[in-house]
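The file protein13.txt comes next; it holds compact mmCIF, C-alpha atoms.
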```txt
# COMPACT_ATOMS: atom_id res chain seq x y z
CA MET A 26 19.69 5.42 -13.05
CA PRO A 27 20.92 1.99 -11.94
CA GLY A 28 20.66 1.09 -8.29
CA PRO A 29 23.47 0.02 -5.98
CA GLN A 30 25.07 -3.36 -6.64
CA ALA A 31 22.91 -6.16 -5.19
CA SER A 32 25.82 -7.77 -3.33
CA LYS A 33 26.42 -4.53 -1.47
CA VAL A 34 22.77 -3.69 -0.91
CA ASP A 35 22.06 -6.93 0.97
CA ASP A 36 24.68 -6.10 3.60
CA HIS A 37 23.04 -2.75 4.30
CA ILE A 38 19.35 -3.61 4.08
CA LYS A 39 17.44 -3.76 7.38
CA LEU A 40 13.76 -4.35 8.14
CA LEU A 41 12.58 -2.23 11.07
CA PRO A 42 9.35 -1.03 12.71
CA PHE A 43 7.84 2.04 11.05
CA ARG A 44 7.85 5.13 13.29
CA ILE A 45 5.99 8.43 13.31
CA GLU A 46 9.05 10.26 11.97
CA ASP A 47 9.00 7.97 8.93
CA CYS A 48 5.61 9.21 7.70
CA GLU A 49 6.83 12.15 5.62
CA PRO A 50 9.75 10.39 3.86
CA ALA A 51 7.48 7.40 3.23
CA ALA A 52 4.88 9.69 1.67
CA GLU A 53 7.54 11.09 -0.65
CA LEU A 54 8.65 7.56 -1.55
CA TYR A 55 5.05 6.55 -2.26
CA GLU A 56 4.76 9.38 -4.79
CA ARG A 57 7.81 8.12 -6.66
CA CYS A 58 6.67 4.50 -6.56
CA PHE A 59 3.20 5.33 -7.88
CA GLU A 60 4.16 8.26 -10.07
CA ASN A 61 2.46 6.73 -13.12
CA ASP A 62 -0.28 4.76 -11.37
CA ALA A 63 -3.41 5.26 -13.46
CA LEU A 64 -5.85 5.29 -10.54
CA ARG A 65 -3.79 7.79 -8.57
CA LEU A 66 -3.64 10.07 -11.62
CA LYS A 67 -7.40 9.74 -12.11
CA LEU A 68 -8.11 10.65 -8.50
CA MET A 69 -5.63 13.53 -8.52
CA PRO A 70 -5.29 14.82 -12.11
CA PRO A 71 -1.86 16.44 -12.58
CA GLU A 72 -3.32 19.17 -14.78
CA LYS A 73 -5.50 20.35 -11.88
CA ARG A 74 -2.73 20.64 -9.33
CA ASP A 75 -2.23 23.96 -7.61
CA ALA A 76 1.20 25.21 -8.70
CA THR A 77 1.40 27.34 -5.55
CA ASP A 78 1.01 24.28 -3.31
CA PRO A 79 2.97 21.41 -4.92
CA PHE A 80 3.15 19.30 -1.76
CA ALA A 81 -0.56 19.15 -0.90
CA GLU A 82 -0.81 15.46 -1.78
CA ARG A 83 2.29 14.59 0.23
CA ARG A 84 1.01 16.40 3.32
CA GLY A 85 -2.26 14.54 3.11
CA ARG A 86 -0.61 11.16 2.74
CA THR A 87 1.72 11.96 5.64
CA SER A 88 -1.34 12.63 7.80
CA ALA A 89 -2.96 9.38 6.66
CA PHE A 90 0.17 7.41 7.56
CA GLN A 91 0.25 9.08 10.97
CA LEU A 92 -3.36 8.10 11.61
CA ALA A 93 -2.69 4.52 10.45
CA LEU A 94 -0.01 4.24 13.15
CA SER A 95 -2.65 5.02 15.77
CA LEU A 96 -5.04 2.27 14.65
CA PRO A 97 -5.32 -0.87 16.80
CA GLY A 98 -3.60 -3.90 15.34
CA ASN A 99 -1.24 -2.00 13.06
CA HIS A 100 2.06 -3.68 12.17
CA ILE A 101 3.84 -1.32 9.81
CA PHE A 102 7.40 -1.92 8.67
CA LYS A 103 10.07 -0.08 6.75
CA VAL A 104 13.18 -1.28 4.97
CA VAL A 105 16.20 1.00 5.19
CA ASP A 106 19.60 1.13 3.54
CA THR A 107 22.04 1.70 6.40
CA GLY A 108 24.76 2.41 3.87
CA ARG A 109 22.88 5.49 2.74
CA GLY A 110 21.98 7.12 6.02
CA ASN A 111 19.07 4.80 6.85
CA LYS A 112 17.24 5.89 3.73
CA ILE A 113 13.77 4.31 3.56
CA VAL A 114 13.67 2.10 0.47
CA GLY A 115 10.47 0.18 1.13
CA ALA A 116 7.48 -0.07 3.44
CA ALA A 117 4.52 -2.32 4.11
CA GLY A 118 1.50 -1.99 6.35
CA TYR A 119 -0.24 -4.99 7.91
CA PHE A 120 -3.30 -5.01 10.15
CA ALA A 121 -4.39 -7.73 12.54
CA PRO A 122 -7.89 -9.24 12.33
CA GLY A 123 -10.77 -6.92 13.15
CA GLY A 124 -10.94 -4.58 10.17
CA ALA A 125 -10.10 -1.33 11.99
CA GLN A 126 -8.19 -0.12 8.93
CA TRP A 127 -11.31 -0.27 6.76
CA ALA A 128 -12.88 2.47 8.86
CA LEU A 129 -9.90 4.76 8.29
CA GLU A 130 -11.79 7.14 5.99
CA ASP A 131 -14.52 7.56 8.62
CA GLN A 132 -11.91 8.32 11.27
CA ILE A 133 -10.25 10.86 9.00
CA GLN A 134 -13.55 12.68 8.59
CA LYS A 135 -14.34 12.56 12.31
CA ALA A 136 -10.90 13.94 13.12
CA GLY A 137 -11.39 16.75 10.62
CA MET A 138 -8.14 15.86 8.91
CA LYS A 139 -7.48 17.15 5.40
CA VAL A 140 -5.76 14.30 3.59
CA HIS A 141 -6.93 15.04 0.06
CA PRO A 142 -5.80 18.06 -1.98
CA SER A 143 -8.32 20.53 -3.38
CA TYR A 144 -8.17 18.96 -6.84
CA PHE A 145 -9.05 15.48 -5.54
CA ASP A 146 -11.84 13.77 -7.53
CA SER A 147 -14.28 12.90 -4.75
CA GLU A 148 -16.84 11.44 -7.15
CA MET A 149 -14.32 8.93 -8.51
CA LYS A 150 -13.23 8.13 -4.95
CA CYS A 151 -16.81 7.21 -4.06
CA ILE A 152 -16.97 4.86 -7.04
CA VAL A 153 -13.70 3.21 -6.03
CA VAL A 154 -14.69 2.84 -2.37
CA ARG A 155 -18.09 1.39 -3.23
CA THR A 156 -16.60 -1.07 -5.74
CA VAL A 157 -13.83 -2.20 -3.39
CA GLU A 158 -16.18 -2.63 -0.44
CA GLU A 159 -18.54 -4.78 -2.51
CA LYS A 160 -15.71 -7.01 -3.73
CA ARG A 161 -14.14 -7.25 -0.27
CA ASN A 162 -17.42 -8.29 1.31
CA LYS A 163 -17.90 -10.88 -1.42
CA VAL A 164 -14.42 -12.37 -1.00
CA LEU A 165 -14.38 -12.32 2.81
CA LYS A 166 -18.08 -13.11 3.17
CA GLY A 167 -18.42 -10.38 5.77
CA SER A 168 -15.79 -11.86 8.10
CA TRP A 169 -12.91 -9.58 9.15
CA ASP A 170 -11.09 -12.45 10.89
CA VAL A 171 -8.08 -12.06 8.57
CA TRP A 172 -4.78 -10.28 8.54
CA GLU A 173 -4.49 -7.70 5.78
CA LEU A 174 -1.57 -6.44 3.77
CA LYS A 175 -2.86 -2.91 3.32
CA GLN A 176 -0.03 -1.45 1.29
CA LEU A 177 3.46 -2.28 0.06
CA PHE A 178 5.87 -0.22 -2.00
CA VAL A 179 9.58 -0.37 -2.82
CA ASP A 180 11.88 2.36 -4.11
CA PRO A 181 12.17 1.92 -7.91
CA GLU A 182 15.96 2.12 -7.53
CA TYR A 183 15.89 -0.97 -5.29
CA GLN A 184 13.25 -3.09 -7.01
CA GLY A 185 14.23 -6.59 -8.07
CA ARG A 186 16.52 -7.06 -5.07
CA GLY A 187 14.27 -9.05 -2.76
CA ILE A 188 12.98 -6.17 -0.65
CA GLY A 189 9.35 -6.73 -1.58
CA LYS A 190 9.68 -10.43 -0.79
CA ARG A 191 11.22 -9.62 2.59
CA LEU A 192 8.31 -7.35 3.45
CA LEU A 193 5.80 -9.96 2.25
CA LYS A 194 7.46 -12.71 4.25
CA ARG A 195 7.09 -10.68 7.45
CA GLY A 196 3.35 -10.51 6.93
CA CYS A 197 3.18 -14.24 6.24
CA GLU A 198 4.93 -14.88 9.53
CA LEU A 199 2.42 -12.74 11.43
CA ALA A 200 -0.62 -14.40 9.86
CA ASP A 201 0.79 -17.92 10.21
CA ARG A 202 1.63 -17.27 13.85
CA ASP A 203 -2.05 -16.57 14.49
CA GLY A 204 -3.34 -19.30 12.17
CA LYS A 205 -5.17 -16.72 10.07
CA ARG A 206 -5.62 -16.08 6.39
CA LEU A 207 -3.87 -13.10 4.81
CA TYR A 208 -5.86 -10.77 2.54
CA THR A 209 -4.76 -8.03 0.17
CA GLU A 210 -6.02 -5.75 -2.59
CA GLY A 211 -3.19 -5.60 -5.12
CA VAL A 212 -2.47 -4.17 -8.55
CA SER A 213 -1.06 -5.69 -11.71
CA CYS A 214 2.62 -4.96 -10.98
CA SER A 215 2.48 -6.83 -7.66
CA LYS A 216 0.13 -9.70 -8.48
CA GLY A 217 2.85 -12.07 -9.67
CA LEU A 218 4.97 -11.67 -6.54
CA TYR A 219 1.95 -12.10 -4.30
CA LYS A 220 1.11 -15.37 -6.05
CA LYS A 221 4.65 -16.61 -5.43
CA MET A 222 4.10 -15.98 -1.73
CA GLY A 223 0.95 -18.09 -1.69
CA TYR A 224 -1.80 -15.58 -2.42
CA MET A 225 -4.63 -16.81 -4.64
CA LEU A 226 -6.70 -14.53 -6.87
CA GLU A 227 -10.32 -14.46 -5.66
CA ASP A 228 -11.80 -11.57 -7.67
CA GLU A 229 -10.91 -8.40 -9.53
CA ALA A 230 -12.38 -4.97 -10.18
CA GLN A 231 -11.95 -2.18 -12.68
CA TYR A 232 -13.14 1.41 -12.70
CA PRO A 233 -14.79 3.55 -15.40
CA GLY A 234 -12.29 5.56 -17.43
CA VAL A 235 -9.19 4.28 -15.61
CA VAL A 236 -6.77 2.87 -18.18
CA MET A 237 -3.09 1.99 -17.83
CA GLY A 238 -0.36 3.28 -20.11
CA ASN A 239 -0.48 0.09 -22.20
CA GLY A 240 -4.17 0.63 -22.94
CA GLU A 241 -5.36 -2.15 -20.62
CA PRO A 242 -8.03 -1.47 -17.98
CA TYR A 243 -6.63 -0.69 -14.55
CA LYS A 244 -7.58 -3.46 -12.12
CA THR A 245 -7.55 -4.16 -8.42
CA TYR A 246 -6.95 -7.80 -7.53
CA PHE A 247 -8.56 -9.26 -4.41
CA MET A 248 -6.34 -12.02 -3.09
CA LEU A 249 -6.23 -14.44 -0.15
CA ARG A 250 -3.42 -16.51 1.25
CA GLN A 251 -4.26 -19.53 3.37
CA THR A 252 -2.28 -20.23 6.52
CA ARG A 253 0.94 -22.08 5.78
CA ARG A 254 4.68 -21.76 6.14
CA CYS A 255 6.37 -19.07 4.07
```
Here is the file; what I need is its structure written in the form of structure tokens.
Amino acid sequence: MPGPQASKVDDHIKLLPFRIEDCEPAAELYERCFENDALRLKLMPPEKRDATDPFAERRGRTSAFQLALSLPGNHIFKVVDTGRGNKIVGAAGYFAPGGAQWALEDQIQKAGMKVHPSYFDSEMKCIVVRTVEEKRNKVLKGSWDVWELKQLFVDPEYQGRGIGKRLLKRGCELADRDGKRLYTEGVSCSKGLYKKMGYMLEDEAQYPGVVMGNGEPYKTYFMLRQTRRC
């Protein structure tokens, strides 16, 4: 289904702070954006879903977003279309230096929050976490004195209309204001845009048995952007 005309969308698009009431609609948007993401499907196999509880994943992600809002140094943004009732059409989460976001899983466990559905592949999650932590430590050399783009997603209906760039530019402004580097862990569909915004590829990782629809290995790209003007 084609999206709204670009000339009309620009008049209605607004970048705003992300609020607690945005967590559930953002979780629903995330599902649509990453519907065919190979790693997501590996971690939560569709064939194992509980038909009696179809929204288990969404509830868990809503809880994770809520917890992220409570972390120190969070700067989370949404993009809305005011012409369609302030519909959320994109979101991005940035975190100030310090690395509080990388302890999110530990905080989830301490809080006793259930953010993963019953069919979640915990063994694969451990592999992913271990691999990512090793690569992150290698790239950052153990220093958390960086801003991080933790996550960014845009409604498929609105992609190609500059929303992702607008969200990325906001993060550049925050990092440049502080004179800090900007770090992210991206995927193949976003790597090109990140490079255009000044990110450089530092390393990459792949995971056993995780293959994209085109037959290529699924990869996470570890990228850094040096301080500069956007």
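Nearest residue to Pro71 of chain A among A:Gly110, A:Pro122, A:Pro142, A:Gly115 is A:Pro142, counting all atoms listed in the file.
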Atomic separation - atom CA of Met222 of chain A relative to atom CA of Arg250 of chain A, Å: 8.1 Å
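Minimum atom-to-atom distances from A:Leu218, A:Ile152, A:Gly98, A:Ile188 to Val171 of chain A were compared using all atoms listed in the file, and the lowest value belongs to A:Gly98.
Computed from the coordinates, the atom CA of Tyr224 of chain A to atom CA of Leu174 of chain A distance equals 11.0 Å.
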Report the closest atom pair, with its distance in Å rounded to one decimal, for each residue of segment 95-163 of chain A that has an atom no farther than 9 Å from segment 41-63 of chain A; count all atoms listed in the file, sort by chain and then rising residue number, and write it as a tab-separated table.
```
residue	atom	partner	partner_atom	distance
A:His100	CA	A:Pro42	CA	7.8
A:Ile101	CA	A:Phe43	CA	5.4
A:Phe102	CA	A:Pro42	CA	4.6
A:Lys103	CA	A:Phe43	CA	5.3
A:Val104	CA	A:Leu41	CA	6.2
A:Val105	CA	A:Leu41	CA	7.6
A:Lys112	CA	A:Pro50	CA	8.7
A:Ile113	CA	A:Ala51	CA	7.0
A:Val114	CA	A:Leu54	CA	7.7
A:Gly115	CA	A:Leu54	CA	8.1
A:Ala116	CA	A:Ala51	CA	7.5
A:Ala117	CA	A:Phe43	CA	8.8
A:Gly118	CA	A:Phe43	CA	8.9
```
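In this comparison, which uses all atoms listed in the file, the residue of A:Val154, A:Met237, A:Val212, A:Ala81 approaching Val140 of chain A most closely is A:Ala81.
Around the coordinate (-3.9, 2.7, 13.4), residues that reach within 9 Å when counting all atoms listed in the file are A:Phe90, A:Gln91, A:Leu92, A:Ala93, A:Leu94, A:Ser95, A:Leu96, A:Pro97, A:Gly98, A:Asn99, A:His100, A:Phe120, A:Ala125, A:Gln126, A:Leu129.
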Counting all atoms listed in the file, the residue of A:Glu159, A:Asp146, A:Asp78, A:Asp170 that sits nearest Leu66 of chain A: A:Asp146
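If you measure from each of A:Lys39, A:Tyr208, A:Thr107, A:Arg84 to Leu226 of chain A using all atoms listed in the file, the closest one turns out to be A:Tyr208.
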Option closest in space to Gly185 of chain A, from A:Ser215, A:Thr156, A:Lys163, A:Leu199 [counting only C-alpha atoms]: A:Ser215
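Between atom CA of Gly204 of chain A and atom CA of Phe247 of chain A lies a distance of 20.1 Å.
Using all atoms listed in the file, the set of residues no farther than 9 Å from the position (-12.0, -3.9, -4.1) comprises Val153, Val154, Arg155, Thr156, Val157, Glu158, Glu159, Lys160, Arg161, Asn162, Glu210, Asp228, Glu229, Ala230, Gln231, Thr245, Tyr246 and Phe247 of chain A.
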Who sits within 8 Å of Leu193 of chain A, only C-alpha atoms, same chain under 2 positions skipped, as a tab-separated table (two decimals) with C-alpha atoms, in the coordinates of the input:
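Result file selection-v7.tsv:
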```tsv
chain	number	residue	atom	x	y	z
A	117	ALA	CA	4.52	-2.32	4.11
A	189	GLY	CA	9.35	-6.73	-1.58
A	190	LYS	CA	9.68	-10.43	-0.79
A	191	ARG	CA	11.22	-9.62	2.59
A	195	ARG	CA	7.09	-10.68	7.45
A	196	GLY	CA	3.35	-10.51	6.93
A	197	CYS	CA	3.18	-14.24	6.24
A	219	TYR	CA	1.95	-12.10	-4.30
A	222	MET	CA	4.10	-15.98	-1.73
```
Kindly list the centre and edge lengths in Å, rounded to one decimal, for the axis-aligned box that covers all listed atoms of segment 164-179 of chain A plus 5 Å on each of its six sides, as JSON.
```
{"center_x": -4.4, "center_y": -6.7, "center_z": 4.0, "size_x": 38.0, "size_y": 22.9, "size_z": 23.7}
```
